[in-house]
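Colleague: mmCIF, C-alpha atoms, saved as model.cif, coming up:
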```
data_upload
#
loop_
_atom_site.label_atom_id
_atom_site.label_comp_id
_atom_site.auth_asym_id
_atom_site.auth_seq_id
_atom_site.Cartn_x
_atom_site.Cartn_y
_atom_site.Cartn_z
CA MET A 24 113.17 135.32 85.17
CA LEU A 25 116.95 135.01 85.18
CA PHE A 26 117.10 136.74 81.84
CA ARG A 27 115.43 139.79 83.35
CA GLN A 28 117.76 139.77 86.35
CA ASN A 29 120.86 139.97 84.13
CA LYS A 30 121.33 143.54 82.99
CA ILE A 31 122.36 143.92 79.40
CA LYS A 32 125.68 145.74 79.14
CA GLN A 33 126.85 147.43 75.99
CA MET A 34 130.48 147.45 75.04
CA ASN A 35 132.93 148.58 72.44
CA ILE A 36 135.29 145.81 71.51
CA THR A 37 138.37 145.46 69.38
CA LEU A 38 139.24 142.07 68.00
CA GLN A 39 141.25 140.65 65.16
CA VAL A 40 139.31 138.52 62.72
CA ASN A 41 141.25 136.74 60.00
CA GLY A 42 144.05 139.24 60.35
CA THR A 43 141.91 142.35 60.21
CA SER A 44 141.28 144.53 63.26
CA HIS A 45 137.66 145.45 63.96
CA THR A 46 136.34 147.85 66.59
CA LEU A 47 132.68 147.17 67.13
CA ALA A 48 129.87 148.58 69.27
CA ILE A 49 128.04 145.58 70.69
CA ALA A 50 124.59 146.02 72.21
CA ASP A 51 125.03 143.10 74.61
CA GLU A 52 128.49 142.02 75.75
CA ASN A 53 127.16 138.48 76.16
CA THR A 54 126.23 138.20 72.49
CA PRO A 55 127.64 134.92 71.21
CA LEU A 56 130.75 135.47 69.09
CA LEU A 57 129.01 133.43 66.39
CA TRP A 58 126.46 136.17 65.75
CA VAL A 59 129.09 138.91 65.73
CA VAL A 60 131.04 137.01 63.10
CA ARG A 61 128.03 136.13 60.99
CA ASP A 62 125.69 139.10 61.35
CA ILE A 63 128.03 142.03 61.94
CA LEU A 64 131.13 140.96 60.04
CA ASP A 65 129.10 139.06 57.44
CA LEU A 66 131.33 135.99 57.58
CA LYS A 67 128.75 133.29 56.95
CA GLY A 68 131.07 130.29 56.85
CA THR A 69 130.73 129.67 60.59
CA LYS A 70 127.42 127.89 61.06
CA PHE A 71 124.71 127.87 63.68
CA GLY A 72 123.83 124.29 64.56
CA CYS A 73 122.43 123.46 67.97
CA GLY A 74 123.13 126.69 69.87
CA LYS A 75 124.15 124.61 72.88
CA ALA A 76 127.83 123.96 72.19
CA ALA A 77 127.00 120.36 71.42
CA CYS A 78 127.35 119.90 67.65
CA GLY A 79 130.43 121.97 66.82
CA ALA A 80 129.11 123.55 63.61
CA CYS A 81 130.09 126.97 65.02
CA THR A 82 133.70 126.04 65.81
CA LEU A 83 136.29 128.71 65.13
CA HIS A 84 139.66 129.59 66.62
CA VAL A 85 140.30 132.09 69.42
CA ASP A 86 144.02 132.59 69.89
CA GLY A 87 144.59 129.23 68.20
CA GLU A 88 142.17 127.27 70.37
CA ALA A 89 139.05 125.64 68.97
CA VAL A 90 135.99 127.27 70.51
CA ARG A 91 132.26 126.69 70.14
CA SER A 92 131.31 130.24 69.21
CA CYS A 93 127.58 129.84 69.92
CA SER A 94 128.54 129.58 73.58
CA TYR A 95 131.35 132.11 73.67
CA ALA A 96 130.38 135.60 74.82
CA VAL A 97 131.96 138.21 72.59
CA LYS A 98 133.33 140.06 75.64
CA PHE A 99 135.85 137.26 76.09
CA ALA A 100 137.22 137.94 72.60
CA GLU A 101 138.49 141.41 73.43
CA GLY A 102 141.96 141.82 71.95
CA LYS A 103 142.10 138.25 70.75
CA GLU A 104 142.88 136.74 67.36
CA ILE A 105 139.87 135.07 65.77
CA ILE A 106 140.21 132.78 62.79
CA THR A 107 137.13 131.61 60.93
CA ILE A 108 136.92 129.19 58.03
CA GLU A 109 137.26 132.16 55.66
CA GLY A 110 140.67 132.90 57.17
CA LEU A 111 141.99 129.36 57.24
CA GLY A 112 143.19 129.40 53.64
CA THR A 113 142.33 130.79 50.24
CA LYS A 114 141.00 129.29 47.04
CA GLU A 115 144.44 129.68 45.51
CA ASN A 116 146.31 128.54 48.59
CA PRO A 117 144.06 126.28 50.67
CA HIS A 118 145.02 125.20 54.16
CA PRO A 119 146.20 121.55 54.25
CA VAL A 120 142.91 120.65 55.94
CA GLN A 121 140.91 122.27 53.16
CA GLN A 122 143.13 120.62 50.54
CA ALA A 123 142.64 117.22 52.16
CA TRP A 124 138.88 117.78 52.36
CA ILE A 125 138.85 118.46 48.62
CA GLU A 126 141.01 115.44 47.79
CA GLU A 127 138.86 113.08 49.84
CA VAL A 128 135.59 114.66 48.65
CA VAL A 129 134.43 114.78 52.24
CA PRO A 130 131.30 116.96 52.32
CA GLN A 131 127.85 115.70 51.54
CA CYS A 132 125.41 118.49 52.45
CA GLY A 133 128.39 120.47 53.74
CA TYR A 134 126.69 122.40 56.52
CA CYS A 135 128.80 121.09 59.39
CA GLN A 136 132.08 120.92 57.48
CA PRO A 137 133.54 124.34 58.39
CA GLY A 138 133.26 123.41 62.05
CA PHE A 139 134.96 120.07 61.44
CA MET A 140 137.74 121.69 59.45
CA MET A 141 138.38 124.28 62.15
CA ALA A 142 138.41 121.57 64.82
CA THR A 143 140.82 119.52 62.69
CA ALA A 144 143.14 122.48 62.10
CA ALA A 145 143.27 123.06 65.85
CA LEU A 146 144.03 119.39 66.43
CA LEU A 147 146.89 119.38 63.91
CA ASN A 148 148.39 122.42 65.63
CA LYS A 149 148.55 120.40 68.84
CA VAL A 150 149.04 116.89 67.46
CA PRO A 151 150.64 117.06 64.02
CA LYS A 152 150.32 113.29 63.40
CA PRO A 153 147.10 112.28 65.12
CA THR A 154 146.26 108.62 65.60
CA ASP A 155 142.75 107.30 65.17
CA GLN A 156 142.39 107.54 68.93
CA ASP A 157 143.46 111.20 68.88
CA ILE A 158 140.81 111.82 66.24
CA ASP A 159 138.15 109.98 68.25
CA ASP A 160 139.04 112.01 71.35
CA ASN A 161 139.27 115.44 69.78
CA ILE A 162 137.01 115.54 66.75
CA ILE A 163 133.62 115.17 68.37
CA ASN A 164 131.51 117.42 66.18
CA VAL A 165 128.29 116.06 64.72
CA CYS A 166 127.61 115.36 61.04
CA ARG A 167 124.08 114.25 60.18
CA CYS A 168 125.23 113.04 56.76
CA ALA A 169 127.65 110.76 58.61
CA THR A 170 130.72 111.69 56.61
CA TYR A 171 132.89 110.54 59.49
CA TYR A 172 134.70 107.85 57.51
CA ARG A 173 135.81 110.27 54.81
CA MET A 174 136.69 112.85 57.41
CA ARG A 175 138.99 110.42 59.18
CA LYS A 176 140.81 109.78 55.92
CA ALA A 177 140.98 113.50 55.24
CA ILE A 178 142.40 114.25 58.69
CA HIS A 179 145.20 111.74 58.13
CA ARG A 180 145.75 113.21 54.68
CA ALA A 181 145.88 116.73 56.11
CA ALA A 182 148.50 115.54 58.57
CA GLU A 183 150.58 114.21 55.66
CA LEU A 184 150.24 117.54 53.85
CA THR A 185 151.17 119.45 57.01
CA VAL A 186 154.11 117.32 58.08
CA PRO A 187 155.28 115.22 55.14
CA ASP A 188 156.77 111.89 56.11
CA GLU A 189 160.55 111.96 56.14
CA ALA A 190 162.01 110.54 52.96
CA PRO A 191 163.33 107.01 53.50
CA GLU A 192 167.07 106.89 53.94
CA THR A 193 168.89 105.85 50.79
CA GLN A 194 171.05 102.81 51.17
CA ASN A 195 174.67 102.97 50.16
CA SER A 196 175.34 100.68 47.28
CA MET B 11 76.94 139.32 88.60
CA LYS B 12 77.63 136.12 90.47
CA LEU B 13 79.01 134.50 87.34
CA LYS B 14 81.20 137.55 86.70
CA HIS B 15 82.61 137.33 90.22
CA ARG B 16 83.36 133.68 89.77
CA ILE B 17 85.18 134.33 86.52
CA VAL B 18 87.24 137.12 88.10
CA PHE B 19 88.06 134.84 91.06
CA ALA B 20 89.06 132.02 88.75
CA VAL B 21 91.33 134.31 86.72
CA PHE B 22 93.09 135.58 89.86
CA LEU B 23 93.41 132.03 91.16
CA LEU B 24 94.98 130.95 87.90
CA ILE B 25 97.43 133.88 87.94
CA GLY B 26 98.34 133.07 91.54
CA LEU B 27 98.97 129.44 90.72
CA LEU B 28 101.10 130.35 87.71
CA LEU B 29 103.18 132.78 89.76
CA ALA B 30 103.66 130.17 92.46
CA ALA B 31 104.74 127.59 89.90
CA THR B 32 107.16 130.01 88.23
CA SER B 33 108.82 131.15 91.44
CA GLY B 34 109.15 127.54 92.52
CA THR B 35 111.54 126.81 89.67
CA THR B 36 114.11 129.32 90.85
CA THR B 37 114.34 128.32 94.49
CA SER B 38 115.88 125.25 96.02
CA ASN B 39 114.64 122.88 98.65
CA TYR B 40 116.54 124.55 101.44
CA VAL B 41 115.90 123.12 104.86
CA ALA B 42 114.75 125.99 107.01
CA VAL B 43 117.65 126.48 109.40
CA SER B 44 118.47 129.96 110.69
CA SER B 45 122.10 131.05 110.66
CA ASN B 46 121.94 131.30 114.46
CA GLU B 47 120.99 127.64 114.61
CA VAL B 48 124.00 126.78 112.45
CA SER B 49 126.27 128.59 114.91
CA MET B 50 124.80 126.38 117.65
CA PHE B 51 125.49 123.17 115.73
CA THR B 52 127.64 120.48 117.27
CA SER B 53 130.61 119.32 115.24
CA ASP B 54 128.63 116.30 114.01
CA GLU B 55 125.68 118.44 113.00
CA ALA B 56 127.95 120.84 111.16
CA PHE B 57 129.56 117.85 109.43
CA ASP B 58 126.19 116.56 108.27
CA LYS B 59 125.17 119.98 106.97
CA MET B 60 128.48 120.39 105.10
CA MET B 61 128.22 116.91 103.60
CA GLU B 62 124.67 117.55 102.38
CA VAL B 63 126.34 119.93 99.94
CA LEU B 64 129.50 117.96 99.17
CA THR B 65 127.55 114.82 98.30
CA HIS B 66 125.31 116.78 95.91
CA GLU B 67 125.62 115.66 92.29
CA ARG B 68 126.99 119.03 91.28
CA CYS B 69 130.05 118.39 93.44
CA VAL B 70 130.43 114.67 92.79
CA ASN B 71 130.03 114.98 88.99
CA CYS B 72 133.49 116.53 88.75
CA HIS B 73 135.10 114.11 91.23
CA PRO B 74 134.70 110.94 89.12
CA ASN B 75 136.24 107.59 89.95
CA ASP B 76 136.78 106.60 86.32
CA ASN B 77 138.22 109.76 84.68
CA VAL B 78 134.91 110.39 82.95
CA PRO B 79 133.15 113.58 84.06
CA LYS B 80 129.48 113.22 84.87
CA GLN B 81 126.58 115.48 84.05
CA GLY B 82 123.17 116.36 85.35
CA ALA B 83 121.20 115.46 88.43
CA ASP B 84 121.39 111.79 87.42
CA GLY B 85 125.18 111.91 87.12
CA HIS B 86 125.25 110.37 83.65
CA PRO B 87 128.61 110.06 81.85
CA TYR B 88 129.55 113.21 79.95
CA TYR B 89 128.36 113.19 76.37
CA PHE B 90 130.71 113.04 73.38
CA GLY B 91 133.33 110.84 74.99
CA ILE B 92 134.99 113.62 76.96
CA GLU B 93 137.51 112.32 79.49
CA ARG B 94 140.01 113.68 81.99
CA GLY B 95 143.01 113.96 79.66
CA THR B 96 146.48 114.59 80.99
CA ASP B 97 145.80 117.87 82.85
CA ASP B 98 142.26 117.25 84.14
CA VAL B 99 140.83 119.50 81.40
CA GLY B 100 140.15 117.12 78.53
CA PHE B 101 142.03 116.40 75.34
CA GLU B 102 144.59 118.40 73.39
CA ALA B 103 142.32 120.32 71.02
CA THR B 104 138.95 119.60 72.57
CA ASN B 105 138.93 120.41 76.22
CA CYS B 106 136.89 122.14 78.89
CA THR B 107 137.40 125.63 77.47
CA THR B 108 136.20 124.59 74.04
CA CYS B 109 132.72 125.03 75.51
CA HIS B 110 133.04 126.24 79.12
CA GLN B 111 134.16 129.79 79.84
CA SER B 112 134.74 131.59 83.13
CA GLU B 113 131.05 132.26 83.68
CA ASN B 114 127.69 130.72 82.81
CA ASN B 115 126.41 131.30 79.30
CA LYS B 116 122.73 132.17 79.54
CA TYR B 117 122.13 131.74 75.81
CA SER B 118 123.51 128.24 75.33
CA GLY B 119 122.96 127.05 78.90
CA VAL B 120 126.60 125.95 79.10
CA PRO B 121 127.79 126.40 82.67
CA GLY B 122 131.06 128.13 83.42
CA ALA B 123 133.27 129.33 86.25
CA PRO B 124 136.95 130.16 86.71
CA GLU B 125 139.32 127.16 86.58
CA TRP B 126 136.66 124.87 85.14
CA ALA B 127 138.21 121.40 85.34
CA LEU B 128 137.89 117.98 86.89
CA ALA B 129 139.23 117.49 90.37
CA PRO B 130 142.50 115.51 90.15
CA ALA B 131 142.11 111.75 89.97
CA SER B 132 143.29 111.28 93.57
CA MET B 133 140.32 113.35 94.72
CA TYR B 134 137.67 111.01 93.39
CA TRP B 135 134.45 111.05 95.42
CA GLU B 136 132.14 109.16 93.11
CA GLY B 137 130.95 106.00 94.84
CA LEU B 138 132.14 107.10 98.30
CA ASP B 139 129.83 107.82 101.22
CA LYS B 140 130.06 111.07 103.15
CA PHE B 141 132.48 109.66 105.70
CA GLU B 142 134.82 108.32 103.01
CA ILE B 143 134.63 111.63 101.15
CA ALA B 144 135.63 113.47 104.32
CA GLU B 145 138.55 111.08 104.87
CA SER B 146 139.70 111.66 101.31
CA MET B 147 139.24 115.41 101.63
CA MET B 148 141.42 115.56 104.75
CA ASP B 149 144.13 113.18 103.52
CA PRO B 150 147.09 115.21 102.16
CA GLU B 151 148.06 112.31 99.92
CA ARG B 152 144.72 112.56 98.18
CA ASN B 153 143.72 116.21 98.61
CA GLY B 154 146.64 117.76 96.76
CA GLY B 155 148.76 118.23 99.86
CA ARG B 156 146.37 120.71 101.46
CA THR B 157 146.51 121.43 105.17
CA PRO B 158 143.17 121.48 107.01
CA ASP B 159 143.22 125.28 106.88
CA GLU B 160 143.82 125.25 103.13
CA THR B 161 141.04 122.72 102.68
CA MET B 162 138.67 124.93 104.64
CA HIS B 163 139.55 127.94 102.50
CA HIS B 164 139.12 125.88 99.34
CA LEU B 165 135.68 124.74 100.46
CA THR B 166 134.48 128.19 101.46
CA GLU B 167 136.20 130.56 99.04
CA HIS B 168 137.09 128.86 95.76
CA GLU B 169 134.98 130.31 92.95
CA LEU B 170 134.40 126.95 91.32
CA VAL B 171 133.05 125.54 94.59
CA LEU B 172 130.83 128.54 95.25
CA TRP B 173 129.55 128.41 91.67
CA ALA B 174 127.26 125.68 93.02
CA TRP B 175 124.95 128.45 94.22
CA GLU B 176 124.99 130.28 90.91
CA PRO B 177 124.66 127.38 88.49
CA GLY B 178 122.69 129.27 85.85
CA VAL B 179 120.23 127.75 83.46
CA ASP B 180 120.44 124.51 81.52
CA ALA B 181 120.24 124.07 77.75
CA ASN B 182 116.48 124.47 77.90
CA GLY B 183 116.67 127.68 79.92
CA VAL B 184 115.53 125.97 83.13
CA PRO B 185 117.39 127.09 86.27
CA ARG B 186 119.64 124.34 87.63
CA GLU B 187 118.90 122.92 91.04
CA LEU B 188 120.68 124.55 93.93
CA PRO B 189 122.42 122.59 96.69
CA PRO B 190 120.16 121.62 99.61
CA VAL B 191 121.79 124.13 102.00
CA SER B 192 122.12 127.88 101.49
CA LYS B 193 125.62 129.18 100.73
CA GLU B 194 125.69 131.19 103.95
CA ASN B 195 124.77 128.20 106.12
CA TYR B 196 127.10 125.88 104.22
CA ILE B 197 130.06 128.20 104.81
CA LYS B 198 129.17 128.53 108.49
CA ALA B 199 128.83 124.77 108.83
CA VAL B 200 132.21 124.16 107.15
CA LYS B 201 133.96 126.70 109.34
CA LYS B 202 132.27 125.31 112.44
CA TRP B 203 133.38 121.75 111.64
CA PHE B 204 136.98 122.82 111.07
CA GLU B 205 137.03 125.03 114.15
CA GLU B 206 135.76 122.09 116.20
CA GLY B 207 138.73 120.02 115.11
CA HIS B 208 137.36 118.51 111.85
CA VAL B 209 136.45 115.23 113.51
CA ILE B 210 134.83 112.77 111.13
CA PRO B 211 131.90 111.13 112.94
CA SER B 212 131.88 107.34 113.17
CA LYS B 213 129.54 105.64 110.73
#
```
Please rewrite the model in this file as structure tokens.
Modeller:
Amino acid sequence: MLFRQNKIKQMNITLQVNGTSHTLAIADENTPLLWVVRDILDLKGTKFGCGKAACGACTLHVDGEAVRSCSYAVKFAEGKEIITIEGLGTKENPHPVQQAWIEEVVPQCGYCQPGFMMATAALLNKVPKPTDQDIDDNIINVCRCATYYRMRKAIHRAAELTVPDEAPETQNS
Amino acid sequence: MKLKHRIVFAVFLLIGLLLAATSGTTTSNYVAVSSNEVSMFTSDEAFDKMMEVLTHERCVNCHPNDNVPKQGADGHPYYFGIERGTDDVGFEATNCTTCHQSENNKYSGVPGAPEWALAPASMYWEGLDKFEIAESMMDPERNGGRTPDETMHHLTEHELVLWAWEPGVDANGVPRELPPVSKENYIKAVKKWFEEGHVIPSK
């Protein structure tokens, strides 16, 4: 009944996705950003998981903030900078999070991993050297293969790659 | 013919029952009180009507006593380990706006309203009775330094407070329960109580 009460409003929207500007005609301004990214822009790296903002498989960045895109109406993205997993790094020049994921061989089935990597990249932007507690607090996506242990190692590794530890001071002889 | 009539009657009866059941899910259990009656309330009656709303789970869930937001009609602890954080909006990279926007999302069932956040820790209501909540609400040391007039405006005008009457649907598409008093009568009751001197009745 509520669905019928809400009128569907069309809109034209301009947004930046992975550095490229797109102007799109959207049939329903409340369309989840996830479907715009996947179905209109054909960027399939961002996954549909639960559709209820609970699992985090659809995590991407909007103006640098991690967002569950299945629950983010595209109208809120007007004029904003969207980064998806495809824009995080490249094969030749992976983002430290992607590099760490490779080094620690994190994925099992892999489906949820883009969401985890996007959440981790957002965390490292805010907390460059996260503690285990920071990881517990902020990385709350769901992985049914239970790759959490490897992910934790990879997050710490990504932090090292992002902000290398300062070289120990050399002692005067 | 008789059998045909019975079948037609049964079909209409079934349709009627289904319509009644469907419409029942979108309305609340408002107590039938006319707005004129609210205007005639004594201060104590207005207080009780106001507190029927403010003690509703939807209000109390975001006024926790342990820095953990609550969810649902049963007030269970928020899933996924979400806590208050330093600014009442969660943790550094995972916070309220990771999932909640400035309006309800009808597709995911995630609720939303402007300034979605926990009430500051000093404003905890969880575990308090209606008299203690009122004392807390009127105490400038606990209510964010608000004057009575500012508190009244907050209670009757703030979008996050008034969202209670437009709570949207849950994750299963089922409309959320509304507070037990209509918005119009709640606002009248609040204003009446403040105009009458905001006296907290004795227990």
Colleague: Only residues of chain B matter here; which ones have an atom within 6 Å of chain A, counting only C-alpha atoms? Give them as a PyMOL selection string.
Modeller: chain B and resi 103-104+108-109+118
Colleague: Please, what distance in Å, to one decimal, runs between CA of Ala48 in chain A and CA of Gly102 in chain A?
Modeller: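 CA of Gly102 in chain A lies at a distance of 14.1 Å from CA of Ala48 in chain A.
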Colleague: Specify as a PyMOL selection string each residue included when the PyMOL selection byres ((chain B and resi 138) around 12) is applied to this file.
Modeller: chain B and resi 61+64-65+70+73-75+133-137+139-147
Colleague: Please dump the current selection as a compact mmCIF listing (two decimals), keeping the file's coordinate frame; keep C-alpha atoms.
Modeller:
```
# COMPACT_ATOMS: atom_id res chain seq x y z
CA MET B 61 128.22 116.91 103.60
CA LEU B 64 129.50 117.96 99.17
CA THR B 65 127.55 114.82 98.30
CA VAL B 70 130.43 114.67 92.79
CA HIS B 73 135.10 114.11 91.23
CA PRO B 74 134.70 110.94 89.12
CA ASN B 75 136.24 107.59 89.95
CA MET B 133 140.32 113.35 94.72
CA TYR B 134 137.67 111.01 93.39
CA TRP B 135 134.45 111.05 95.42
CA GLU B 136 132.14 109.16 93.11
CA GLY B 137 130.95 106.00 94.84
CA ASP B 139 129.83 107.82 101.22
CA LYS B 140 130.06 111.07 103.15
CA PHE B 141 132.48 109.66 105.70
CA GLU B 142 134.82 108.32 103.01
CA ILE B 143 134.63 111.63 101.15
CA ALA B 144 135.63 113.47 104.32
CA GLU B 145 138.55 111.08 104.87
CA SER B 146 139.70 111.66 101.31
CA MET B 147 139.24 115.41 101.63
```
Colleague: As an exercise, work out the distance from CA of Asp155 in chain A to CA of Ile178 in chain A in Å and give it to one decimal place.
Modeller: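 Rounded to one decimal, the two atoms are 9.5 Å apart.
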Colleague: I'd like the interatomic distance between CA of Val59 in chain A and CA of Asn182 in chain B, to a tenth of an Å.
Modeller: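 Taking CA of Val59 in chain A and CA of Asn182 in chain B, their separation equals 22.7 Å.
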Colleague: So which residues get picked by the PyMOL selection byres ((chain B and resi 166-171) around 12) here, written as JSON, numbers by chain?
Modeller: {"B": [60, 63, 64, 66, 68, 69, 70, 72, 111, 112, 113, 114, 121, 122, 123, 124, 125, 126, 127, 128, 129, 159, 160, 161, 162, 163, 164, 165, 172, 173, 174, 175, 176, 177, 189, 193, 194, 195, 196, 197, 198, 199, 200, 201, 202, 204]}
Colleague: Which residues, written as a ChimeraX atom specification, have at least one atom at most 10 Å from range 33-37 of chain A, with only C-alpha atoms counted and residues fewer than 2 positions away on the same chain left out?
Modeller: /A:30-31,39-40,44-54,97-103
Colleague: Please evaluate the PyMOL selection byres ((chain B and resi 212) around 10) against the displayed coordinates and give the resulting residues as an NGL selection string.
Modeller: :B and (54 or 141 or 209-211 or 213)
Colleague: With distances taken over only C-alpha atoms, which residue among A:Lys70, A:Ile105, A:Asp65, A:Ala181 lies nearest Gln121 in chain A?
Modeller: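 Checking each candidate against Gln121 in chain A, we get A:Ala181 as the closest.
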Colleague: Would you kindly return, as number ranges by chain, each protein, DNA or RNA residue with an atom no farther than 12 Å from any atom of Gly112 in chain A, considering all atoms listed in the file and excluding same-chain residues fewer than 6 positions away?
Modeller: A: 41-42, 106, 118-122, 137, 140-141, 144
Colleague: Generate a file of the selected residues that holds C-alpha atoms, formatted as a CSV table (one decimal), in the coordinates of the input.
Modeller:
```csv
chain,number,residue,atom,x,y,z
A,41,ASN,CA,141.2,136.7,60.0
A,42,GLY,CA,144.0,139.2,60.4
A,106,ILE,CA,140.2,132.8,62.8
A,118,HIS,CA,145.0,125.2,54.2
A,119,PRO,CA,146.2,121.6,54.2
A,120,VAL,CA,142.9,120.6,55.9
A,121,GLN,CA,140.9,122.3,53.2
A,122,GLN,CA,143.1,120.6,50.5
A,137,PRO,CA,133.5,124.3,58.4
A,140,MET,CA,137.7,121.7,59.4
A,141,MET,CA,138.4,124.3,62.2
A,144,ALA,CA,143.1,122.5,62.1
```
